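Chemist: Hey, dropping my_file18.csv in here, CSV, C-alpha atoms:
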chain,number,residue,atom,x,y,z
B,1,TYR,CA,-93.7,-19.6,-90.5
B,2,SER,CA,-92.0,-22.3,-88.5
B,3,GLN,CA,-95.5,-23.9,-88.0
B,4,LEU,CA,-95.9,-24.5,-91.8
B,5,PRO,CA,-95.1,-27.8,-93.5
B,6,GLU,CA,-91.6,-27.4,-95.0
B,7,GLU,CA,-92.7,-27.4,-98.7
B,8,ARG,CA,-95.4,-24.7,-98.0
B,9,PHE,CA,-92.9,-22.7,-96.0
B,10,LEU,CA,-90.4,-22.6,-98.9
B,11,THR,CA,-93.2,-21.6,-101.3
B,12,VAL,CA,-94.3,-18.8,-99.1
B,13,ARG,CA,-90.7,-17.5,-98.6
B,14,LYS,CA,-90.0,-17.7,-102.3
B,15,LYS,CA,-93.1,-15.7,-103.3
B,16,LEU,CA,-92.5,-13.1,-100.5
B,17,ALA,CA,-88.9,-12.7,-101.7
B,18,ALA,CA,-90.2,-12.0,-105.2
B,19,GLN,CA,-91.9,-9.0,-103.9
B,20,ASN,CA,-88.5,-7.4,-103.1
B,21,LYS,CA,-89.5,-7.1,-99.4
B,22,SER,CA,-86.8,-7.5,-96.9
B,23,ASP,CA,-87.6,-10.1,-94.3
B,24,GLU,CA,-85.6,-8.0,-91.7
B,25,LYS,CA,-88.0,-5.1,-92.0
B,26,GLN,CA,-91.1,-4.8,-89.9
B,27,LEU,CA,-91.6,-1.1,-90.6
B,28,PHE,CA,-93.4,0.0,-93.7
B,29,PHE,CA,-95.0,3.1,-95.0
B,30,SER,CA,-98.6,3.1,-96.0
B,31,GLY,CA,-99.7,5.1,-99.1
B,32,ASP,CA,-97.7,6.6,-101.9
B,33,ALA,CA,-97.2,9.8,-99.9
B,34,ASN,CA,-95.3,8.1,-97.1
B,35,TYR,CA,-97.2,9.9,-94.4
B,36,LEU,CA,-98.1,7.0,-92.2
B,37,LEU,CA,-95.5,4.7,-90.5
B,38,ILE,CA,-96.7,1.4,-89.1
B,39,ASP,CA,-94.7,-1.1,-87.1
B,40,SER,CA,-96.4,-4.4,-87.8
B,41,GLY,CA,-94.4,-6.3,-85.2
B,42,SER,CA,-95.7,-7.0,-81.7
B,43,TRP,CA,-93.7,-7.0,-78.5
B,44,GLY,CA,-91.4,-10.1,-78.6
B,45,ASP,CA,-92.5,-10.7,-82.2
B,46,SER,CA,-90.6,-13.5,-83.8
B,47,LYS,CA,-91.5,-12.0,-87.2
B,48,SER,CA,-94.3,-14.6,-87.7
B,49,LEU,CA,-97.0,-11.9,-87.3
B,50,SER,CA,-95.1,-9.4,-89.4
B,51,GLU,CA,-94.7,-11.9,-92.2
B,52,LYS,CA,-98.4,-12.9,-92.1
B,53,ILE,CA,-99.4,-9.3,-92.3
B,54,ARG,CA,-97.1,-8.8,-95.3
B,55,LEU,CA,-98.4,-12.0,-97.0
B,56,PHE,CA,-102.0,-10.8,-96.7
B,57,GLU,CA,-101.0,-7.3,-97.9
B,58,ASN,CA,-99.3,-8.7,-101.0
B,59,ALA,CA,-102.2,-11.1,-101.6
B,60,ALA,CA,-104.7,-8.2,-101.4
B,61,LYS,CA,-102.7,-6.2,-103.9
B,62,ALA,CA,-102.1,-9.1,-106.3
B,63,CYS,CA,-105.6,-10.7,-105.9
B,64,ASP,CA,-104.1,-14.0,-104.7
B,65,ILE,CA,-106.2,-16.5,-102.9
B,66,VAL,CA,-104.7,-17.6,-99.6
B,67,GLU,CA,-105.3,-20.8,-97.8
B,68,ILE,CA,-105.3,-20.4,-94.0
B,69,ASP,CA,-105.5,-22.7,-91.0
B,70,TYR,CA,-107.6,-20.6,-88.6
B,71,VAL,CA,-108.1,-21.0,-84.9
B,72,SER,CA,-111.4,-19.8,-83.4
B,73,ARG,CA,-111.8,-18.1,-80.1
B,74,GLU,CA,-112.8,-21.5,-78.6
B,75,GLY,CA,-109.7,-23.2,-80.1
B,76,ALA,CA,-111.3,-25.0,-83.0
B,77,ARG,CA,-109.3,-25.1,-86.2
B,78,THR,CA,-110.6,-25.0,-89.7
B,79,VAL,CA,-108.8,-24.8,-93.1
B,80,ARG,CA,-110.3,-22.4,-95.6
B,81,GLN,CA,-109.5,-20.4,-98.6
B,82,ILE,CA,-110.0,-16.6,-98.5
B,83,GLU,CA,-109.8,-13.7,-100.8
B,84,PRO,CA,-108.0,-10.9,-98.9
B,85,HIS,CA,-109.4,-7.4,-99.7
B,86,ILE,CA,-108.1,-5.1,-96.9
B,87,LEU,CA,-106.0,-5.1,-93.8
B,88,ILE,CA,-107.4,-3.4,-90.7
B,89,TYR,CA,-105.6,-2.3,-87.5
B,90,LYS,CA,-108.0,-1.6,-84.6
B,91,GLN,CA,-107.6,-1.5,-80.8
B,92,ASN,CA,-104.0,-3.0,-81.2
B,93,VAL,CA,-105.3,-6.0,-83.2
B,94,TRP,CA,-104.6,-6.7,-86.9
B,95,TYR,CA,-107.4,-8.1,-89.0
B,96,VAL,CA,-107.8,-9.1,-92.6
B,97,TYR,CA,-111.2,-8.5,-94.2
B,98,ALA,CA,-111.7,-11.2,-96.7
B,99,PHE,CA,-114.2,-13.2,-98.7
B,100,CYS,CA,-114.4,-16.7,-97.2
B,101,ARG,CA,-115.0,-19.3,-99.8
B,102,LYS,CA,-116.1,-21.8,-97.2
B,103,GLN,CA,-118.8,-19.5,-95.8
B,104,GLN,CA,-119.4,-17.7,-99.1
B,105,ALA,CA,-119.4,-14.4,-97.3
B,106,PHE,CA,-117.1,-11.7,-96.1
B,107,ARG,CA,-115.5,-12.3,-92.7
B,108,LEU,CA,-113.2,-10.3,-90.4
B,109,PHE,CA,-110.3,-12.6,-89.5
B,110,ARG,CA,-107.9,-11.8,-86.6
B,111,ILE,CA,-104.4,-12.3,-88.1
B,112,GLY,CA,-103.1,-13.5,-84.7
B,113,ARG,CA,-105.5,-16.5,-84.9
B,114,VAL,CA,-104.1,-17.6,-88.3
B,115,TYR,CA,-102.1,-20.6,-87.4
B,116,SER,CA,-100.6,-20.9,-90.9
B,117,ALA,CA,-101.1,-19.3,-94.3
B,118,PHE,CA,-99.8,-19.9,-97.8
B,119,LEU,CA,-100.4,-18.5,-101.2
B,120,THR,CA,-102.3,-20.7,-103.7
B,121,ASP,CA,-101.8,-20.4,-107.5
B,122,GLU,CA,-105.3,-19.1,-107.9
B,123,LYS,CA,-106.4,-15.5,-108.5
B,124,PHE,CA,-109.7,-13.8,-107.5
B,125,GLU,CA,-111.6,-10.8,-108.8
B,126,ARG,CA,-112.1,-8.0,-106.3
B,127,ARG,CA,-115.6,-7.6,-105.0
B,128,GLU,CA,-117.4,-4.4,-104.4
B,129,ILE,CA,-117.2,-3.3,-100.7
B,130,THR,CA,-117.6,-0.1,-98.8
B,131,ARG,CA,-116.4,1.1,-95.4
B,132,ASP,CA,-119.9,0.5,-94.0
B,133,ASP,CA,-119.7,-3.2,-95.0
B,134,ILE,CA,-116.8,-3.8,-92.6
B,135,PRO,CA,-118.1,-4.7,-89.0
B,136,LEU,CA,-116.0,-2.3,-87.0
B,137,HIS,CA,-118.7,-0.7,-84.8
B,138,TYR,CA,-118.8,-3.5,-82.1
B,139,TRP,CA,-118.5,-0.9,-79.4
B,140,ASP,CA,-122.1,0.1,-80.1
B,141,SER,CA,-123.4,-3.3,-79.3
B,142,PRO,CA,-126.6,-3.6,-77.2
B,143,GLU,CA,-124.5,-4.8,-74.3
B,144,SER,CA,-122.5,-1.5,-74.2
B,145,ALA,CA,-123.0,0.9,-71.3
B,146,PRO,CA,-121.3,4.0,-69.8
B,147,VAL,CA,-118.3,3.0,-67.8
B,148,LYS,CA,-116.5,5.1,-65.2
B,149,LEU,CA,-113.0,4.2,-63.9
B,150,LEU,CA,-110.8,5.6,-61.2
B,151,VAL,CA,-107.2,5.8,-62.6
B,152,ALA,CA,-104.1,6.3,-60.5
B,153,ARG,CA,-100.8,7.7,-61.8
B,154,SER,CA,-99.3,4.3,-62.3
B,155,ALA,CA,-101.9,3.5,-65.0
B,156,TYR,CA,-102.5,7.0,-66.3
B,157,ALA,CA,-100.4,6.7,-69.5
B,158,ASP,CA,-101.8,3.2,-70.4
B,159,VAL,CA,-105.4,4.5,-70.0
B,160,GLN,CA,-104.5,7.5,-72.2
B,161,ASP,CA,-103.3,5.2,-74.9
B,162,TRP,CA,-106.5,3.1,-74.6
B,163,LEU,CA,-109.3,5.5,-74.2
B,164,GLY,CA,-107.7,8.8,-75.2
B,165,CYS,CA,-106.7,11.8,-73.1
B,166,GLU,CA,-109.9,13.6,-73.8
B,167,ASN,CA,-111.8,11.0,-71.8
B,168,LEU,CA,-109.6,11.5,-68.6
B,169,HIS,CA,-110.5,14.2,-66.1
B,170,PRO,CA,-108.8,15.0,-62.7
B,171,ALA,CA,-110.7,13.4,-59.8
B,172,ASP,CA,-111.8,16.0,-57.2
B,173,ASP,CA,-111.5,14.6,-53.7
B,174,SER,CA,-115.1,15.7,-53.2
B,175,CYS,CA,-116.4,13.5,-56.1
B,176,ALA,CA,-117.9,10.2,-55.3
B,177,GLY,CA,-115.4,7.4,-55.6
B,178,ALA,CA,-112.3,9.7,-55.7
B,179,ASN,CA,-111.1,8.5,-52.3
B,180,ASP,CA,-111.4,4.8,-53.2
B,181,ASN,CA,-108.1,2.9,-52.8
B,182,THR,CA,-105.9,2.3,-55.8
B,183,LYS,CA,-102.3,1.0,-55.8
B,184,ASP,CA,-100.6,4.4,-55.4
B,185,GLY,CA,-101.6,7.7,-53.8
B,186,GLY,CA,-101.4,11.2,-55.3
B,187,GLN,CA,-103.2,12.5,-58.3
B,188,LYS,CA,-106.1,10.4,-59.6
B,189,TRP,CA,-108.3,10.7,-62.7
B,190,PHE,CA,-111.8,9.6,-63.8
B,191,ALA,CA,-112.0,7.9,-67.2
B,192,THR,CA,-115.4,7.7,-68.9
B,193,ALA,CA,-116.4,5.9,-72.0
B,194,THR,CA,-119.2,3.7,-73.5
B,195,LEU,CA,-117.9,0.2,-73.7
B,196,PRO,CA,-119.2,-3.4,-74.0
B,197,ILE,CA,-119.7,-4.9,-70.6
B,198,ASP,CA,-118.2,-8.3,-71.1
B,199,ASP,CA,-115.2,-10.5,-70.1
B,200,VAL,CA,-113.0,-8.9,-72.7
B,201,LEU,CA,-113.4,-5.5,-71.0
B,202,ALA,CA,-112.8,-7.0,-67.5
B,203,LYS,CA,-109.6,-8.6,-68.7
B,204,LYS,CA,-108.5,-5.4,-70.3
B,205,ILE,CA,-109.0,-3.5,-67.0
B,206,LEU,CA,-107.1,-6.2,-65.0
B,207,SER,CA,-104.2,-5.9,-67.5
B,208,LEU,CA,-103.7,-2.3,-66.3
B,209,GLY,CA,-102.9,-3.6,-62.8
B,210,ALA,CA,-104.0,-2.2,-59.4
B,211,GLY,CA,-103.9,1.4,-60.7
B,212,VAL,CA,-107.4,1.2,-62.2
B,213,LYS,CA,-110.7,0.6,-60.3
B,214,VAL,CA,-114.2,0.3,-61.7
B,215,ILE,CA,-116.5,2.9,-60.2
B,216,GLU,CA,-119.6,2.0,-62.4
B,217,PRO,CA,-121.5,0.1,-63.5
B,218,GLU,CA,-121.9,-2.4,-60.7
B,219,ALA,CA,-122.2,-5.3,-63.1
B,220,LEU,CA,-118.7,-4.5,-64.4
B,221,GLN,CA,-117.4,-4.1,-60.9
B,222,LYS,CA,-118.6,-7.6,-60.1
B,223,LYS,CA,-117.3,-9.2,-63.3
B,224,THR,CA,-113.9,-7.7,-62.8
B,225,ALA,CA,-113.7,-8.7,-59.1
B,226,GLU,CA,-114.7,-12.3,-59.9
B,227,LEU,CA,-112.1,-12.5,-62.6
B,228,ALA,CA,-109.4,-11.0,-60.3
B,229,ALA,CA,-110.4,-13.6,-57.6
B,230,ALA,CA,-110.1,-16.4,-60.2
B,231,VAL,CA,-106.6,-15.2,-61.2
B,232,ALA,CA,-105.5,-14.9,-57.6
B,233,LYS,CA,-106.7,-18.5,-56.9
B,234,VAL,CA,-104.4,-19.8,-59.6
B,235,TYR,CA,-101.4,-18.5,-57.6
B,236,CYS,CA,-102.6,-19.6,-54.2
What does this structure look like when you write it as structure tokens?
Modeler:
Amino acid sequence: YSQLPEERFLTVRKKLAAQNKSDEKQLFFSGDANYLLIDSGSWGDSKSLSEKIRLFENAAKACDIVEIDYVSREGARTVRQIEPHILIYKQNVWYVYAFCRKQQAFRLFRIGRVYSAFLTDEKFERREITRDDIPLHYWDSPESAPVKLLVARSAYADVQDWLGCENLHPADDSCAGANDNTKDGGQKWFATATLPIDDVLAKKILSLGAGVKVIEPEALQKKTAELAAAVAKVYC
């Protein structure tokens, strides 16, 4: 919490220490049965993300109100008090589902967008929520469509982790698109899934490098190509 004011930073550290949690540990077991191991740290994590996750976890258990400085997708910052109810890990992103006192409604906050957070001295009473209340089904948005990708060996493992091995099938040379150029030769696979056709998906595809090519839909081909051209222009 190097981004917190000093007095708030000390308060947070003191309260976290009271929970008998080691600041050196980023691994923790979920559930009394110890059947799920989660590493809450990210690559190159300076422990800021891990500590924020632990703070929200403890606050949810103890019903402590947390004040956060939150950064929107557009970069706007707002200070608000929230009542954390549950932590969620989806698509490699950590969220806290909390009642926002500013909006007087539940919101799903990305923990990576929390600039700073500290415990207040206030408590809250847990509110009734169900699994269906949590907005996790964004893949079924009206903008979603069937997507087909051609995957080379260099990107095979990454696409497995992303879409699941059950959605990857060997590409027969006789199939349409199987002979399209990707970075490396040899075995290729088709990956199929229903995904939202937006800039986030195009960025995800580009993050996999030249080992992935969009076969369909055409709109996603165009969006990905335009984004790739914009990135290349930065380095020209």
Chemist: Can you measure CA of Lys233 (chain B) to CA of Lys203 (chain B) for me? One decimal in Å is fine.
Modeler: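 Going from CA of Lys233 (chain B) over to CA of Lys203 (chain B), I get 15.7 Å.
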Chemist: Could you name the residues that touch region 57-73 of chain B at 8 Å or less, counting all atoms listed in the file, but leaving out those on the same chain fewer than 6 positions away, as a list in words?
Modeler: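 The neighbour list is Gln19, Val79, Arg80, Gln81, Ile82, Glu83, Pro84, His85, Ile86, Leu87, Arg113, Val114, Tyr115, Ser116, Ala117, Phe118, Leu119, Thr120, Asp121, Glu122, Lys123, Phe124, Glu125 and Arg126 of chain B.
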Chemist: Those selected residues, please, written with C-alpha atoms and delivered as a PDB file, keeping the file's coordinate frame.
Modeler:
ATOM      1  CA  GLN B  19     -91.900  -9.000-103.900  1.00  0.00           C
ATOM      2  CA  VAL B  79    -108.800 -24.800 -93.100  1.00  0.00           C
ATOM      3  CA  ARG B  80    -110.300 -22.400 -95.600  1.00  0.00           C
ATOM      4  CA  GLN B  81    -109.500 -20.400 -98.600  1.00  0.00           C
ATOM      5  CA  ILE B  82    -110.000 -16.600 -98.500  1.00  0.00           C
ATOM      6  CA  GLU B  83    -109.800 -13.700-100.800  1.00  0.00           C
ATOM      7  CA  PRO B  84    -108.000 -10.900 -98.900  1.00  0.00           C
ATOM      8  CA  HIS B  85    -109.400  -7.400 -99.700  1.00  0.00           C
ATOM      9  CA  ILE B  86    -108.100  -5.100 -96.900  1.00  0.00           C
ATOM     10  CA  LEU B  87    -106.000  -5.100 -93.800  1.00  0.00           C
ATOM     11  CA  ARG B 113    -105.500 -16.500 -84.900  1.00  0.00           C
ATOM     12  CA  VAL B 114    -104.100 -17.600 -88.300  1.00  0.00           C
ATOM     13  CA  TYR B 115    -102.100 -20.600 -87.400  1.00  0.00           C
ATOM     14  CA  SER B 116    -100.600 -20.900 -90.900  1.00  0.00           C
ATOM     15  CA  ALA B 117    -101.100 -19.300 -94.300  1.00  0.00           C
ATOM     16  CA  PHE B 118     -99.800 -19.900 -97.800  1.00  0.00           C
ATOM     17  CA  LEU B 119    -100.400 -18.500-101.200  1.00  0.00           C
ATOM     18  CA  THR B 120    -102.300 -20.700-103.700  1.00  0.00           C
ATOM     19  CA  ASP B 121    -101.800 -20.400-107.500  1.00  0.00           C
ATOM     20  CA  GLU B 122    -105.300 -19.100-107.900  1.00  0.00           C
ATOM     21  CA  LYS B 123    -106.400 -15.500-108.500  1.00  0.00           C
ATOM     22  CA  PHE B 124    -109.700 -13.800-107.500  1.00  0.00           C
ATOM     23  CA  GLU B 125    -111.600 -10.800-108.800  1.00  0.00           C
ATOM     24  CA  ARG B 126    -112.100  -8.000-106.300  1.00  0.00           C
TER      25      ARG B 126
END
Chemist: How many Å separate CA of Val231 (chain B) from CA of Ser144 (chain B)?
Modeler: 24.7 Å
Chemist: B:Ile53, B:Ala155, B:Ile111, B:Cys100: which is nearest Val212 (chain B), counting all atoms listed in the file?
Modeler: B:Ala155
Chemist: One decimal, Å: what's the distance from CA of Arg153 (chain B) over to CA of Ile215 (chain B), could you say?
Modeler: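 Between CA of Arg153 (chain B) and CA of Ile215 (chain B) the gap is 16.5 Å.
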Chemist: For each of B:Glu226, B:Asp172, B:Glu128, B:Asp198, take the minimum atom-to-atom distance to Phe99 (chain B), counting all atoms listed in the file, then give the residue where this is smallest.
Modeler: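 With all atoms listed in the file as the atom set, the closest residue is B:Glu128.
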Chemist: Closest to Arg54 (chain B) among B:Val96, B:Ala232, B:Ala193, B:Leu206, using all atoms listed in the file?
Modeler: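 Nearest to Arg54 (chain B): B:Val96.
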Chemist: Determine the nearest neighbour of Leu195 (chain B) from the options B:Lys102, B:His169, B:Lys148, B:Arg77, counting all atoms listed in the file.
Modeler: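 Counting all atoms listed in the file, the residue closest to Leu195 (chain B) is B:Lys148.
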Chemist: For Tyr95 (chain B), which residue out of B:Glu74, B:Gln221, B:Arg131, B:Phe56 is the nearest one, using only C-alpha atoms?
Modeler: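 Of the candidates, the smallest distance to Tyr95 (chain B) is held by B:Phe56.
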Chemist: Which one is closest to Asp161 (chain B): B:Asn92, B:Lys188, B:Ser50, B:Ala76? Count only C-alpha atoms.
Modeler: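 Looking only at the distances to Asp161 (chain B), the closest residue turns out to be B:Asn92.
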